[in-house]
Every structure is written in C-alpha cells, then in structure tokens.
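Text of the file run-v5.cif, holding mmCIF, C-alpha atoms:
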data_data
loop_
_atom_site.group_PDB
_atom_site.id
_atom_site.type_symbol
_atom_site.label_atom_id
_atom_site.label_comp_id
_atom_site.auth_asym_id
_atom_site.auth_seq_id
_atom_site.Cartn_x
_atom_site.Cartn_y
_atom_site.Cartn_z
ATOM 1 C CA MET A 1 -177.816 11.975 100.973
ATOM 2 C CA THR A 2 -181.048 10.697 99.461
ATOM 3 C CA ALA A 3 -180.752 7.219 97.979
ATOM 4 C CA ARG A 4 -183.394 6.014 95.520
ATOM 5 C CA VAL A 5 -183.891 2.387 94.515
ATOM 6 C CA ALA A 6 -186.294 1.142 91.818
ATOM 7 C CA ALA A 7 -186.762 -2.628 91.684
ATOM 8 C CA GLY A 8 -188.785 -4.379 88.998
ATOM 9 C CA ALA A 9 -191.041 -7.394 89.424
ATOM 10 C CA ARG A 10 -190.132 -10.984 88.635
ATOM 11 C CA LEU A 11 -191.975 -13.913 87.104
ATOM 12 C CA HIS A 12 -191.661 -17.317 88.742
ATOM 13 C CA PHE A 13 -192.107 -20.165 86.270
ATOM 14 C CA GLY A 14 -191.898 -22.928 88.854
ATOM 15 C CA PHE A 15 -189.586 -25.274 90.760
ATOM 16 C CA GLN A 16 -187.315 -28.061 89.587
ATOM 17 C CA ASN A 17 -188.219 -30.485 92.361
ATOM 18 C CA LEU A 18 -190.724 -30.713 95.199
ATOM 19 C CA SER A 19 -190.118 -34.361 96.068
ATOM 20 C CA LEU A 20 -188.429 -35.346 99.317
ATOM 21 C CA ALA A 21 -186.951 -38.330 97.469
ATOM 22 C CA ARG A 22 -184.442 -36.140 95.629
ATOM 23 C CA GLU A 23 -181.194 -34.624 96.977
ATOM 24 C CA ARG A 24 -182.130 -30.998 96.285
ATOM 25 C CA LEU A 25 -185.500 -29.444 97.101
ATOM 26 C CA TYR A 26 -187.153 -26.511 95.278
ATOM 27 C CA GLY A 27 -184.745 -24.917 92.762
ATOM 28 C CA GLY A 28 -186.587 -21.909 91.358
ATOM 29 C CA VAL A 29 -186.811 -20.835 87.713
ATOM 30 C CA GLY A 30 -187.793 -17.288 86.765
ATOM 31 C CA VAL A 31 -186.988 -13.985 85.110
ATOM 32 C CA ALA A 32 -186.527 -10.362 86.185
ATOM 33 C CA LEU A 33 -188.813 -7.718 84.641
ATOM 34 C CA GLU A 34 -188.374 -4.002 84.050
ATOM 35 C CA GLU A 35 -191.909 -3.197 85.241
ATOM 36 C CA PRO A 36 -193.953 -2.834 87.353
ATOM 37 C CA GLN A 37 -191.650 -1.437 90.014
ATOM 38 C CA VAL A 38 -191.355 -0.685 93.685
ATOM 39 C CA VAL A 39 -189.516 2.593 94.325
ATOM 40 C CA VAL A 40 -188.050 3.370 97.755
ATOM 41 C CA GLU A 41 -186.120 6.462 98.873
ATOM 42 C CA ALA A 42 -184.082 6.740 102.070
ATOM 43 C CA ASP A 43 -182.211 9.446 103.967
ATOM 44 C CA PRO A 44 -180.061 9.076 107.082
ATOM 45 C CA ALA A 45 -181.989 9.728 110.307
ATOM 46 C CA GLU A 46 -182.182 8.853 113.973
ATOM 47 C CA GLY A 47 -184.632 5.988 114.327
ATOM 48 C CA ILE A 48 -187.131 5.026 111.640
ATOM 49 C CA HIS A 49 -189.462 7.583 110.068
ATOM 50 C CA CYS A 50 -191.869 5.933 107.647
ATOM 51 C CA GLU A 51 -195.620 6.034 107.034
ATOM 52 C CA ASP A 52 -195.661 2.600 105.405
ATOM 53 C CA ASP A 53 -195.904 -0.112 108.065
ATOM 54 C CA LEU A 54 -194.318 -2.859 105.967
ATOM 55 C CA ALA A 55 -191.435 -0.638 104.827
ATOM 56 C CA ALA A 56 -190.900 0.394 108.453
ATOM 57 C CA GLU A 57 -190.702 -3.262 109.493
ATOM 58 C CA TYR A 58 -188.080 -3.956 106.827
ATOM 59 C CA ALA A 59 -186.256 -0.731 107.731
ATOM 60 C CA TRP A 60 -185.873 -1.641 111.409
ATOM 61 C CA THR A 61 -184.317 -4.951 110.410
ATOM 62 C CA ALA A 62 -182.117 -3.275 107.793
ATOM 63 C CA VAL A 63 -180.650 -0.643 110.123
ATOM 64 C CA ASP A 64 -179.809 -3.382 112.612
ATOM 65 C CA LEU A 65 -178.123 -5.470 109.916
ATOM 66 C CA LEU A 66 -176.181 -2.480 108.584
ATOM 67 C CA GLY A 67 -175.303 -1.089 112.004
ATOM 68 C CA VAL A 68 -176.607 2.427 111.275
ATOM 69 C CA ASN A 69 -178.691 4.810 113.384
ATOM 70 C CA GLY A 70 -181.862 4.881 111.332
ATOM 71 C CA ALA A 71 -183.514 6.184 108.165
ATOM 72 C CA ALA A 72 -186.334 8.300 106.828
ATOM 73 C CA ILE A 73 -188.169 6.184 104.243
ATOM 74 C CA GLU A 74 -190.495 7.231 101.422
ATOM 75 C CA VAL A 75 -192.251 4.626 99.271
ATOM 76 C CA ARG A 76 -192.789 6.284 95.889
ATOM 77 C CA ASP A 77 -194.258 3.330 94.000
ATOM 78 C CA ARG A 78 -195.346 -0.211 94.823
ATOM 79 C CA LEU A 79 -195.700 -3.610 93.281
ATOM 80 C CA PRO A 80 -199.088 -5.272 93.612
ATOM 81 C CA ARG A 81 -198.871 -7.598 96.618
ATOM 82 C CA HIS A 82 -199.377 -11.372 96.592
ATOM 83 C CA VAL A 83 -200.240 -11.667 92.896
ATOM 84 C CA GLY A 84 -197.207 -13.698 91.755
ATOM 85 C CA LEU A 85 -194.763 -10.874 90.945
ATOM 86 C CA GLY A 86 -192.410 -11.216 93.924
ATOM 87 C CA SER A 87 -193.464 -8.015 95.666
ATOM 88 C CA GLY A 88 -192.259 -8.967 99.158
ATOM 89 C CA THR A 89 -188.687 -9.779 98.199
ATOM 90 C CA GLN A 90 -188.266 -6.763 95.938
ATOM 91 C CA PHE A 91 -189.748 -4.427 98.579
ATOM 92 C CA ALA A 92 -187.561 -5.797 101.370
ATOM 93 C CA LEU A 93 -184.365 -5.681 99.328
ATOM 94 C CA ALA A 94 -185.154 -2.238 97.890
ATOM 95 C CA THR A 95 -185.597 -0.916 101.431
ATOM 96 C CA LEU A 96 -182.331 -2.488 102.572
ATOM 97 C CA THR A 97 -180.450 -1.167 99.539
ATOM 98 C CA ALA A 98 -181.871 2.348 99.819
ATOM 99 C CA ILE A 99 -180.840 2.591 103.470
ATOM 100 C CA ALA A 100 -177.366 1.263 102.675
ATOM 101 C CA GLY A 101 -177.092 3.797 99.850
ATOM 102 C CA ALA A 102 -178.073 6.639 102.145
ATOM 103 C CA TYR A 103 -174.999 5.783 104.235
ATOM 104 C CA ASP A 104 -172.790 5.027 101.196
ATOM 105 C CA MET A 105 -172.573 1.372 102.206
ATOM 106 C CA GLU A 106 -172.826 -1.889 100.296
ATOM 107 C CA PRO A 107 -176.156 -3.621 101.058
ATOM 108 C CA ALA A 108 -174.790 -7.202 100.960
ATOM 109 C CA VAL A 109 -178.158 -8.295 99.606
ATOM 110 C CA ARG A 110 -177.548 -12.039 99.439
ATOM 111 C CA LYS A 111 -176.017 -12.123 102.910
ATOM 112 C CA HIS A 112 -178.822 -10.159 104.562
ATOM 113 C CA ALA A 113 -181.834 -11.524 102.650
ATOM 114 C CA PRO A 114 -182.517 -14.404 105.100
ATOM 115 C CA ALA A 115 -182.740 -11.990 108.043
ATOM 116 C CA LEU A 116 -185.416 -10.137 106.051
ATOM 117 C CA GLY A 117 -187.256 -13.426 105.506
ATOM 118 C CA ARG A 118 -186.397 -13.628 101.804
ATOM 119 C CA GLY A 119 -184.921 -16.507 99.788
ATOM 120 C CA GLY A 120 -186.248 -19.258 102.018
ATOM 121 C CA ARG A 121 -187.512 -21.424 99.158
ATOM 122 C CA SER A 122 -186.758 -19.838 95.837
ATOM 123 C CA GLY A 123 -183.615 -17.829 95.224
ATOM 124 C CA VAL A 124 -185.028 -16.292 92.054
ATOM 125 C CA GLY A 125 -186.284 -13.083 93.686
ATOM 126 C CA VAL A 126 -182.959 -12.342 95.362
ATOM 127 C CA ALA A 127 -181.001 -13.174 92.199
ATOM 128 C CA ALA A 128 -183.373 -11.070 90.075
ATOM 129 C CA PHE A 129 -182.648 -8.118 92.351
ATOM 130 C CA GLU A 130 -178.880 -8.749 92.262
ATOM 131 C CA THR A 131 -178.262 -9.397 88.568
ATOM 132 C CA GLY A 132 -181.487 -9.550 86.575
ATOM 133 C CA GLY A 133 -181.845 -11.959 83.656
ATOM 134 C CA PHE A 134 -183.333 -15.426 83.290
ATOM 135 C CA LEU A 135 -182.365 -17.360 86.401
ATOM 136 C CA VAL A 136 -182.208 -20.887 87.756
ATOM 137 C CA ASP A 137 -181.226 -21.579 91.356
ATOM 138 C CA GLY A 138 -179.828 -24.734 92.879
ATOM 139 C CA GLY A 139 -182.410 -25.218 95.607
ATOM 140 C CA HIS A 140 -181.679 -26.424 99.139
ATOM 141 C CA PRO A 141 -180.344 -29.724 100.466
ATOM 142 C CA THR A 142 -183.420 -31.843 101.124
ATOM 143 C CA GLU A 143 -182.164 -33.146 104.465
ATOM 144 C CA LEU A 144 -181.946 -29.544 105.700
ATOM 145 C CA PHE A 145 -185.366 -28.343 104.591
ATOM 146 C CA THR A 146 -187.621 -31.413 104.384
ATOM 147 C CA ALA A 147 -191.270 -30.317 104.238
ATOM 148 C CA ALA A 148 -190.776 -27.250 106.431
ATOM 149 C CA PRO A 149 -187.984 -24.648 106.382
ATOM 150 C CA PRO A 150 -185.362 -24.738 109.141
ATOM 151 C CA ALA A 151 -185.063 -22.083 111.796
ATOM 152 C CA ASP A 152 -183.850 -18.619 110.850
ATOM 153 C CA GLY A 153 -180.092 -18.404 110.560
ATOM 154 C CA GLN A 154 -179.702 -22.054 109.542
ATOM 155 C CA TRP A 155 -180.025 -21.524 105.801
ATOM 156 C CA THR A 156 -178.676 -19.307 103.046
ATOM 157 C CA VAL A 157 -180.168 -18.075 99.775
ATOM 158 C CA PRO A 158 -179.916 -20.830 97.125
ATOM 159 C CA PRO A 159 -177.010 -20.444 94.699
ATOM 160 C CA VAL A 160 -177.592 -19.352 91.114
ATOM 161 C CA THR A 161 -176.743 -22.315 88.878
ATOM 162 C CA ALA A 162 -177.645 -20.713 85.529
ATOM 163 C CA ARG A 163 -178.198 -17.164 84.311
ATOM 164 C CA HIS A 164 -178.801 -15.833 80.806
ATOM 165 C CA GLU A 165 -179.571 -12.389 79.499
ATOM 166 C CA LEU A 166 -182.677 -12.498 77.322
ATOM 167 C CA PRO A 167 -182.884 -10.528 74.058
ATOM 168 C CA GLU A 168 -183.879 -6.894 74.512
ATOM 169 C CA THR A 169 -186.523 -7.361 71.800
ATOM 170 C CA TRP A 170 -188.463 -9.869 73.914
ATOM 171 C CA ARG A 171 -191.518 -8.746 75.844
ATOM 172 C CA PHE A 172 -193.731 -10.309 78.488
ATOM 173 C CA VAL A 173 -197.434 -9.540 78.516
ATOM 174 C CA VAL A 174 -198.645 -9.769 82.124
ATOM 175 C CA VAL A 175 -202.317 -10.156 83.019
ATOM 176 C CA LEU A 176 -203.469 -9.343 86.549
ATOM 177 C CA PRO A 177 -207.083 -10.506 86.947
ATOM 178 C CA GLU A 178 -209.098 -9.072 89.796
ATOM 179 C CA SER A 179 -209.454 -12.091 92.055
ATOM 180 C CA SER A 180 -208.334 -13.153 95.492
ATOM 181 C CA THR A 181 -204.616 -12.709 96.068
ATOM 182 C CA GLY A 182 -202.136 -15.571 95.872
ATOM 183 C CA ARG A 183 -200.926 -17.490 98.896
ATOM 184 C CA SER A 184 -198.319 -16.037 101.216
ATOM 185 C CA GLY A 185 -197.067 -16.316 104.770
ATOM 186 C CA GLN A 186 -198.410 -19.157 106.917
ATOM 187 C CA ARG A 187 -201.017 -20.154 104.348
ATOM 188 C CA GLU A 188 -198.312 -20.560 101.687
ATOM 189 C CA ASP A 189 -196.164 -22.541 104.124
ATOM 190 C CA GLU A 190 -199.023 -24.915 104.852
ATOM 191 C CA SER A 191 -199.817 -25.377 101.152
ATOM 192 C CA MET A 192 -196.186 -25.997 100.234
ATOM 193 C CA ARG A 193 -195.831 -28.517 103.057
ATOM 194 C CA ALA A 194 -198.838 -30.434 101.770
ATOM 195 C CA VAL A 195 -197.481 -30.386 98.199
ATOM 196 C CA VAL A 196 -193.969 -31.513 99.193
ATOM 197 C CA GLU A 197 -195.243 -34.370 101.336
ATOM 198 C CA ARG A 198 -196.982 -36.007 98.367
ATOM 199 C CA ALA A 199 -195.013 -34.730 95.343
ATOM 200 C CA ASP A 200 -194.568 -37.149 92.435
ATOM 201 C CA THR A 201 -190.856 -37.737 91.752
ATOM 202 C CA GLY A 202 -191.618 -38.444 88.099
ATOM 203 C CA ILE A 203 -192.593 -34.821 87.577
ATOM 204 C CA ALA A 204 -189.223 -33.690 88.935
ATOM 205 C CA ASP A 205 -187.454 -35.953 86.456
ATOM 206 C CA GLU A 206 -189.491 -34.543 83.570
ATOM 207 C CA VAL A 207 -188.894 -30.950 84.691
ATOM 208 C CA GLY A 208 -185.153 -31.606 84.894
ATOM 209 C CA GLY A 209 -184.986 -32.914 81.345
ATOM 210 C CA LEU A 210 -187.138 -30.072 80.051
ATOM 211 C CA LEU A 211 -184.971 -27.452 81.705
ATOM 212 C CA LEU A 212 -181.696 -28.979 80.547
ATOM 213 C CA ARG A 213 -182.629 -29.854 76.986
ATOM 214 C CA ARG A 214 -185.099 -27.148 75.993
ATOM 215 C CA VAL A 215 -185.383 -24.115 78.276
ATOM 216 C CA LEU A 216 -181.711 -23.427 78.990
ATOM 217 C CA PRO A 217 -180.562 -23.879 75.368
ATOM 218 C CA ALA A 218 -183.417 -21.643 74.194
ATOM 219 C CA ALA A 219 -182.440 -18.928 76.678
ATOM 220 C CA ALA A 220 -178.772 -19.180 75.642
ATOM 221 C CA GLU A 221 -179.617 -18.967 71.933
ATOM 222 C CA GLY A 222 -182.387 -16.378 72.217
ATOM 223 C CA ASP A 223 -184.947 -18.761 70.707
ATOM 224 C CA ARG A 224 -188.206 -17.203 71.857
ATOM 225 C CA GLU A 225 -190.513 -19.880 70.467
ATOM 226 C CA ALA A 226 -188.661 -22.713 72.190
ATOM 227 C CA PHE A 227 -188.228 -20.720 75.387
ATOM 228 C CA GLY A 228 -191.915 -19.794 75.588
ATOM 229 C CA ALA A 229 -193.065 -23.337 74.923
ATOM 230 C CA GLY A 230 -190.553 -24.660 77.445
ATOM 231 C CA VAL A 231 -191.456 -22.426 80.379
ATOM 232 C CA ALA A 232 -195.159 -22.921 79.636
ATOM 233 C CA LYS A 233 -194.709 -26.689 79.893
ATOM 234 C CA LEU A 234 -192.606 -26.272 83.025
ATOM 235 C CA GLY A 235 -195.511 -24.341 84.545
ATOM 236 C CA ARG A 236 -198.010 -27.037 83.605
ATOM 237 C CA LEU A 237 -195.833 -29.710 85.200
ATOM 238 C CA ASN A 238 -195.561 -27.636 88.371
ATOM 239 C CA GLY A 239 -199.318 -27.194 88.292
ATOM 240 C CA ALA A 240 -199.738 -30.948 88.527
ATOM 241 C CA TRP A 241 -197.964 -30.797 91.883
ATOM 242 C CA TYR A 242 -200.188 -27.946 93.063
ATOM 243 C CA ALA A 243 -203.524 -29.124 91.620
ATOM 244 C CA ASP A 244 -205.071 -30.250 94.904
ATOM 245 C CA GLU A 245 -204.005 -27.053 96.677
ATOM 246 C CA GLN A 246 -205.043 -24.472 94.079
ATOM 247 C CA GLY A 247 -208.015 -26.131 92.408
ATOM 248 C CA GLY A 248 -206.376 -27.327 89.197
ATOM 249 C CA VAL A 249 -203.205 -27.078 87.152
ATOM 250 C CA TYR A 250 -203.775 -23.326 87.223
ATOM 251 C CA ARG A 251 -205.483 -21.342 89.925
ATOM 252 C CA PRO A 252 -208.906 -20.138 88.682
ATOM 253 C CA PRO A 253 -209.397 -17.972 86.684
ATOM 254 C CA ALA A 254 -205.790 -18.243 85.437
ATOM 255 C CA GLY A 255 -206.428 -21.393 83.404
ATOM 256 C CA ARG A 256 -208.936 -19.747 81.064
ATOM 257 C CA ILE A 257 -206.612 -16.793 80.560
ATOM 258 C CA VAL A 258 -203.620 -19.046 79.868
ATOM 259 C CA ASP A 259 -205.647 -20.990 77.281
ATOM 260 C CA ALA A 260 -206.727 -17.808 75.521
ATOM 261 C CA LEU A 261 -203.198 -16.369 75.427
ATOM 262 C CA SER A 262 -201.826 -19.664 74.128
ATOM 263 C CA ASP A 263 -204.055 -19.338 71.053
ATOM 264 C CA CYS A 264 -202.552 -15.961 70.099
ATOM 265 C CA PRO A 265 -199.961 -16.233 67.268
ATOM 266 C CA ALA A 266 -197.930 -13.374 68.786
ATOM 267 C CA ILE A 267 -197.462 -15.277 72.064
ATOM 268 C CA ALA A 268 -194.943 -18.118 72.191
ATOM 269 C CA GLY A 269 -195.987 -19.556 75.547
ATOM 270 C CA ALA A 270 -198.215 -18.664 78.482
ATOM 271 C CA GLY A 271 -198.494 -19.664 82.113
ATOM 272 C CA GLN A 272 -199.175 -18.694 85.708
ATOM 273 C CA SER A 273 -196.517 -16.955 87.786
ATOM 274 C CA SER A 274 -196.026 -18.503 91.229
ATOM 275 C CA TRP A 275 -199.385 -18.901 93.048
ATOM 276 C CA GLY A 276 -200.976 -16.369 90.695
ATOM 277 C CA PRO A 277 -203.327 -14.899 89.867
ATOM 278 C CA ALA A 278 -200.776 -13.234 87.526
ATOM 279 C CA VAL A 279 -200.561 -14.805 84.077
ATOM 280 C CA TYR A 280 -197.774 -14.153 81.579
ATOM 281 C CA GLY A 281 -197.212 -14.616 77.867
ATOM 282 C CA VAL A 282 -193.888 -14.498 76.013
ATOM 283 C CA THR A 283 -194.001 -12.156 73.028
ATOM 284 C CA HIS A 284 -191.846 -9.788 70.939
ATOM 285 C CA ARG A 285 -191.761 -6.021 70.604
ATOM 286 C CA HIS A 286 -193.371 -6.290 67.156
ATOM 287 C CA GLY A 287 -196.169 -8.436 68.589
ATOM 288 C CA VAL A 288 -197.011 -6.194 71.543
ATOM 289 C CA ASP A 289 -200.271 -4.761 70.172
ATOM 290 C CA GLU A 290 -201.613 -8.192 69.206
ATOM 291 C CA ALA A 291 -200.534 -9.707 72.522
ATOM 292 C CA ARG A 292 -202.102 -6.887 74.527
ATOM 293 C CA GLU A 293 -205.377 -7.225 72.646
ATOM 294 C CA ALA A 294 -205.358 -10.984 73.203
ATOM 295 C CA ALA A 295 -204.788 -10.427 76.929
ATOM 296 C CA ARG A 296 -207.724 -8.018 77.170
ATOM 297 C CA ASP A 297 -209.923 -10.454 75.263
ATOM 298 C CA ALA A 298 -208.780 -13.235 77.606
ATOM 299 C CA LEU A 299 -209.991 -11.285 80.626
ATOM 300 C CA GLY A 300 -213.346 -10.819 78.917
ATOM 301 C CA GLU A 301 -213.624 -14.509 78.074
ATOM 302 C CA ALA A 302 -212.824 -15.378 81.681
ATOM 303 C CA GLY A 303 -215.513 -12.961 82.860
ATOM 304 C CA VAL A 304 -213.216 -10.939 85.120
ATOM 305 C CA GLU A 305 -211.851 -7.417 85.261
ATOM 306 C CA GLY A 306 -208.143 -6.857 85.425
ATOM 307 C CA ARG A 307 -205.008 -5.071 84.276
ATOM 308 C CA VAL A 308 -202.793 -5.802 81.310
ATOM 309 C CA LEU A 309 -199.222 -4.578 81.047
ATOM 310 C CA VAL A 310 -196.336 -5.306 78.720
ATOM 311 C CA THR A 311 -192.759 -5.205 79.951
ATOM 312 C CA ALA A 312 -189.246 -6.119 78.871
ATOM 313 C CA PRO A 313 -186.906 -8.543 80.631
ATOM 314 C CA ARG A 314 -184.430 -6.808 82.950
ATOM 315 C CA ASN A 315 -180.877 -7.957 82.331
ATOM 316 C CA ARG A 316 -179.159 -5.933 85.056
ATOM 317 C CA GLY A 317 -179.127 -5.745 88.804
ATOM 318 C CA VAL A 318 -180.806 -3.076 90.909
ATOM 319 C CA ARG A 319 -178.617 -0.107 91.813
ATOM 320 C CA VAL A 320 -178.888 2.977 93.985
ATOM 321 C CA GLU A 321 -179.769 6.109 92.017
#

Now that the file is in, can you turn its structure into structure tokens?
Amino acid sequence: MTARVAAGARLHFGFQNLSLARERLYGGVGVALEEPQVVVEADPAEGIHCEDDLAAEYAWTAVDLLGVNGAAIEVRDRLPRHVGLGSGTQFALATLTAIAGAYDMEPAVRKHAPALGRGGRSGVGVAAFETGGFLVDGGHPTELFTAAPPADGQWTVPPVTARHELPETWRFVVVLPESSTGRSGQREDESMRAVVERADTGIADEVGGLLLRRVLPAAAEGDREAFGAGVAKLGRLNGAWYADEQGGVYRPPAGRIVDALSDCPAIAGAGQSSWGPAVYGVTHRHGVDEAREAARDALGEAGVEGRVLVTAPRNRGVRVE
C-alpha cells in the first residue's frame, strides 16, 4: 500500500537556557505550522528505491529501525533547507512514518528520532511532528550534554513540559529572505559550543520568568498580543547569547526585517526563527493582507529579494494518509 505523509514546518523561538551553570541545558520553545510542507510517499519494496539522496539516507536508517525489507520513496514536496523552519527533522520523520505506514506499522517517532539524528538539542521539531501546537521542552541534563552532545544512543528526545493549542484564527507571516542559509551540521555544532561555553546565566533567568509569567499564560488564554510580544522578547534575549556568532541579536538581514514587521499594527510580535534567515510575525486572519504587505515592504527596505507566506498554527500531529 502507498503511504503518504505531509509534515508542516515549525518555528523555533529560542532556548530556555544555554548556560552550563544551570541544571538543564537547552529547552526549546516553538510552534508547529500548517505550511510549508514536506510530502513523502512510500511503498513496500526490496531495498531502497529513491532518487533523493537525503531521503534515501533516512530511508536506509528507517528500514533498519523498523525491521522491514525496504521501500520505494517519492518526495512530492519539500521544505526549504537550513532556513530556520526545521526541514531536517520533518523530512527525516516524514520518511520514517511513510515507510512505517507502507507496512501498516507504528513509526515510534520519539523512540527512533535519535537514530535519525533528530532531537539532539531541541525537542520542538519532534514534538511538532507528534502533536503539533505551541511547545516547550524540558531540555537535557547539563552534566550529560555539557558543551557538546554525547555519543549516539546515550540520549533521548527532550520531554515536552508544556503544550497548548493556539487559536485557529491566528496566523504567522513568514519571510524567507534570499541570503546564505542558516547554520547546520558541524558548523552549527561549533557555533553552539562557543555560545554555551560563554553563555550569561542572567539571560536564562530572564527567559525563565518571561516564559512562565507571560508566554505560557498568553498561549493558554489565546492572548495574541501578549503571546507575540513575549516570544519576540524571548527571541531577542536568545539573540544576545548568539550575537558574537551570528553578527548581532539577529542574523543580517533578519534584524531590519524584524524591525519593519514590528512596526505593523497587524503584527503582534516579530522575530527570527532558529539561526534564520527566516523571520516570523504573529498576526490574525483578519490582518493577513496588511501583514503580508508589511512583509513585502520589509524585504524592500532590507534591500533583498525573498518569499512571503502566511500560515496557520498546526494543532495536530502528523498522520499517514
């Protein structure tokens, strides 16, 4: 049987702590989106048949994890890679889930994610795939991770410590400027190691208070203004940790775009997702036209080309179709 899996992107607002002086390290905060999507189809087969090299790599791991003979894989749609939308995790888990579906098996996403190289720092991408919604994860024990992750097999995906469904009327305007892609792989590891080794503990304390007293209550009550302002501030605080590594609180040209979006009355808060260059703004379905126009103007003011899309939060997990 053909199994089809469509997985939406995610936004990553930042981490709760990057200081080695605290008991828990990382602790991601983010939200699942309806679009853009990666779409993967799989059929049972002997061996792996796939024209996409990255999907084939994930597929070989997946068939080993699932104990099946193989799969024929078709990638019908893709997320832009290394722009701050969580493409790697969603692609890997969509491939795993499609293959499991082709054999009428449960994918055991959280269990198998580490073997696919996913969930090593933030658990937001895995949780977004599993359940959708606005998500906070508990991070990792600092003594286990320190500045570098432990060897494969010695860690699990961080637990979800808070999840809220966001109102269906909310929208996120996402700006994808045409610039160099965000950090990933070894380069991301090196940057994160440098950040963790010198992270200010005071920022972690401020992030914790912000999350507990503003962001989580706003998500629970559906208060878009407070939520947008809260995640925007959380992003700025995270940017202070990253400033030396990315050339400022935001990675250029994201800062100019964030500033422009923040001036739009239809947008409650704006920030950079992960390493960027993706920028988001929190808006409402009645403010979509104004927010989209502001995003296009922001690209012009920043002097760069790019794409603008508007999407809803996704409050459900990914399923086989």

Check: What residues come out when you apply the PyMOL selection byres ((chain A and resi 95) around 8) to this file, written as an NGL selection string?
Finding: :A and (5 or 40-42 or 55 or 58-59 or 62 or 91-94 or 96-99)

Note to self: My list of candidates is A:Ala7, A:Ala108, A:Ala115, A:Leu135. Which is closest to Leu79 of chain A when distances are computed with all atoms listed in the file?
What the structure shows: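 Result for the nearest residue to Leu79 of chain A: A:Ala7.
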
Centre, edges in Å (one decimal): axis-aligned box, segment 117-129 of chain A, 8 Å padding on all six sides, as JSON:
{"center_x": -184.3, "center_y": -14.8, "center_z": 97.8, "size_x": 22.5, "size_y": 29.3, "size_z": 31.4}

Next item on the list: Tell me, in Å to one decimal, how far atom CA of Arg307 of chain A is from atom CA of Val174 of chain A.
Entry: 8.2 Å

Note to self: Residues within 9 Å of Arg296 of chain A, please, as a PyMOL selection string. Count all atoms listed in the file; anything in the same chain fewer than 5 positions from it doesn't count.
What the structure shows: chain A and resi 175+291+301+306-308

Note to self: Between A:Ala260, A:Ala254, A:Leu20, A:Val320, which residue has the minimum interatomic distance to Glu293 of chain A, considering all atoms listed in the file?
What the structure shows: A:Ala260

Next item on the list: Enter the distance from atom CA of Thr89 of chain A to atom CA of Ala268 of chain A, in Å, rounded to one decimal.
Entry: 28.0 Å

Next item on the list: Would you translate the PyMOL selection byres ((chain A and resi 21) around 12) into the concrete set of residues it matches in this file, as a ChimeraX atom specification?
Entry: /A:17-20,22-25,141-143,146-147,196-205

Item checked: Å distance separating atom CA of Ala32 of chain A from atom CA of Val75 of chain A, one decimal place ->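 Atom-to-atom, atom CA of Ala32 of chain A and atom CA of Val75 of chain A are spaced 20.7 Å apart.
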
Going by the chain IDs and residue numbers used in this file, which residues fall under the PyMOL selection byres ((chain A and resi 72) around 9)? Write them as a JSON list (two decimals) with C-alpha atoms, in the coordinates of the input.
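The resulting expr_0.json:
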[["chain", "number", "residue", "atom", "x", "y", "z"],
["A", 41, "GLU", "CA", -186.12, 6.46, 98.87],
["A", 42, "ALA", "CA", -184.08, 6.74, 102.07],
["A", 43, "ASP", "CA", -182.21, 9.45, 103.97],
["A", 44, "PRO", "CA", -180.06, 9.08, 107.08],
["A", 45, "ALA", "CA", -181.99, 9.73, 110.31],
["A", 46, "GLU", "CA", -182.18, 8.85, 113.97],
["A", 47, "GLY", "CA", -184.63, 5.99, 114.33],
["A", 48, "ILE", "CA", -187.13, 5.03, 111.64],
["A", 49, "HIS", "CA", -189.46, 7.58, 110.07],
["A", 50, "CYS", "CA", -191.87, 5.93, 107.65],
["A", 70, "GLY", "CA", -181.86, 4.88, 111.33],
["A", 71, "ALA", "CA", -183.51, 6.18, 108.16],
["A", 73, "ILE", "CA", -188.17, 6.18, 104.24],
["A", 74, "GLU", "CA", -190.50, 7.23, 101.42],
["A", 99, "ILE", "CA", -180.84, 2.59, 103.47]]

Next item on the list: Mind checking which residues fall within 9 Å of segment 169-173 of chain A, counting all atoms listed in the file, ignoring those fewer than 5 positions away in the same chain, and posting them as a list of chain:residue names?
Entry: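 Surrounding residues, per the criterion: A:Leu33, A:Arg224, A:Ile267, A:Val279, A:Tyr280, A:Gly281, A:Val282, A:Thr283, A:His284, A:Arg285, A:His286, A:Gly287, A:Val288, A:Ala291, A:Arg292, A:Ala295, A:Val308, A:Leu309, A:Val310, A:Thr311, A:Ala312, A:Pro313.
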
Margin query: Give me, as a PyMOL selection string, all polymer residues having an atom no more than 8 Å from Phe15 of chain A, counting all atoms listed in the file and skipping those fewer than 6 positions away in the same chain.
Written below: chain A and resi 26-29+122+238

Next item on the list: Would you mind telling me which residue in A:Ala102, A:Ala113, A:Ala3, A:Val83 lies nearest to Ala127 of chain A when using only C-alpha atoms?
Entry: A:Ala113

Next item on the list: Go through A:Gln246, A:Ser87, A:Thr161, A:Thr156 and flag the residue nearest Gly125 of chain A, using all atoms listed in the file for the distances.
Entry: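 Of A:Gln246, A:Ser87, A:Thr161, A:Thr156, the one nearest Gly125 of chain A, counting all atoms listed in the file, is A:Ser87.
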
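Among the candidate residues A:Val38, A:Val231, A:Leu85, A:Met105, the one lying nearest to Pro277 of chain A is A:Leu85, with distances computed using all atoms listed in the file.
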
Margin query: Given the point (-187.3, -15.1, 102.0) in the file's coordinates, find the residues that have an atom at most 12 Å from it, counting only C-alpha atoms, and give them as number ranges by chain.
Written below: A: 86-93, 109-127, 149, 152-153, 155-158, 184-185, 189
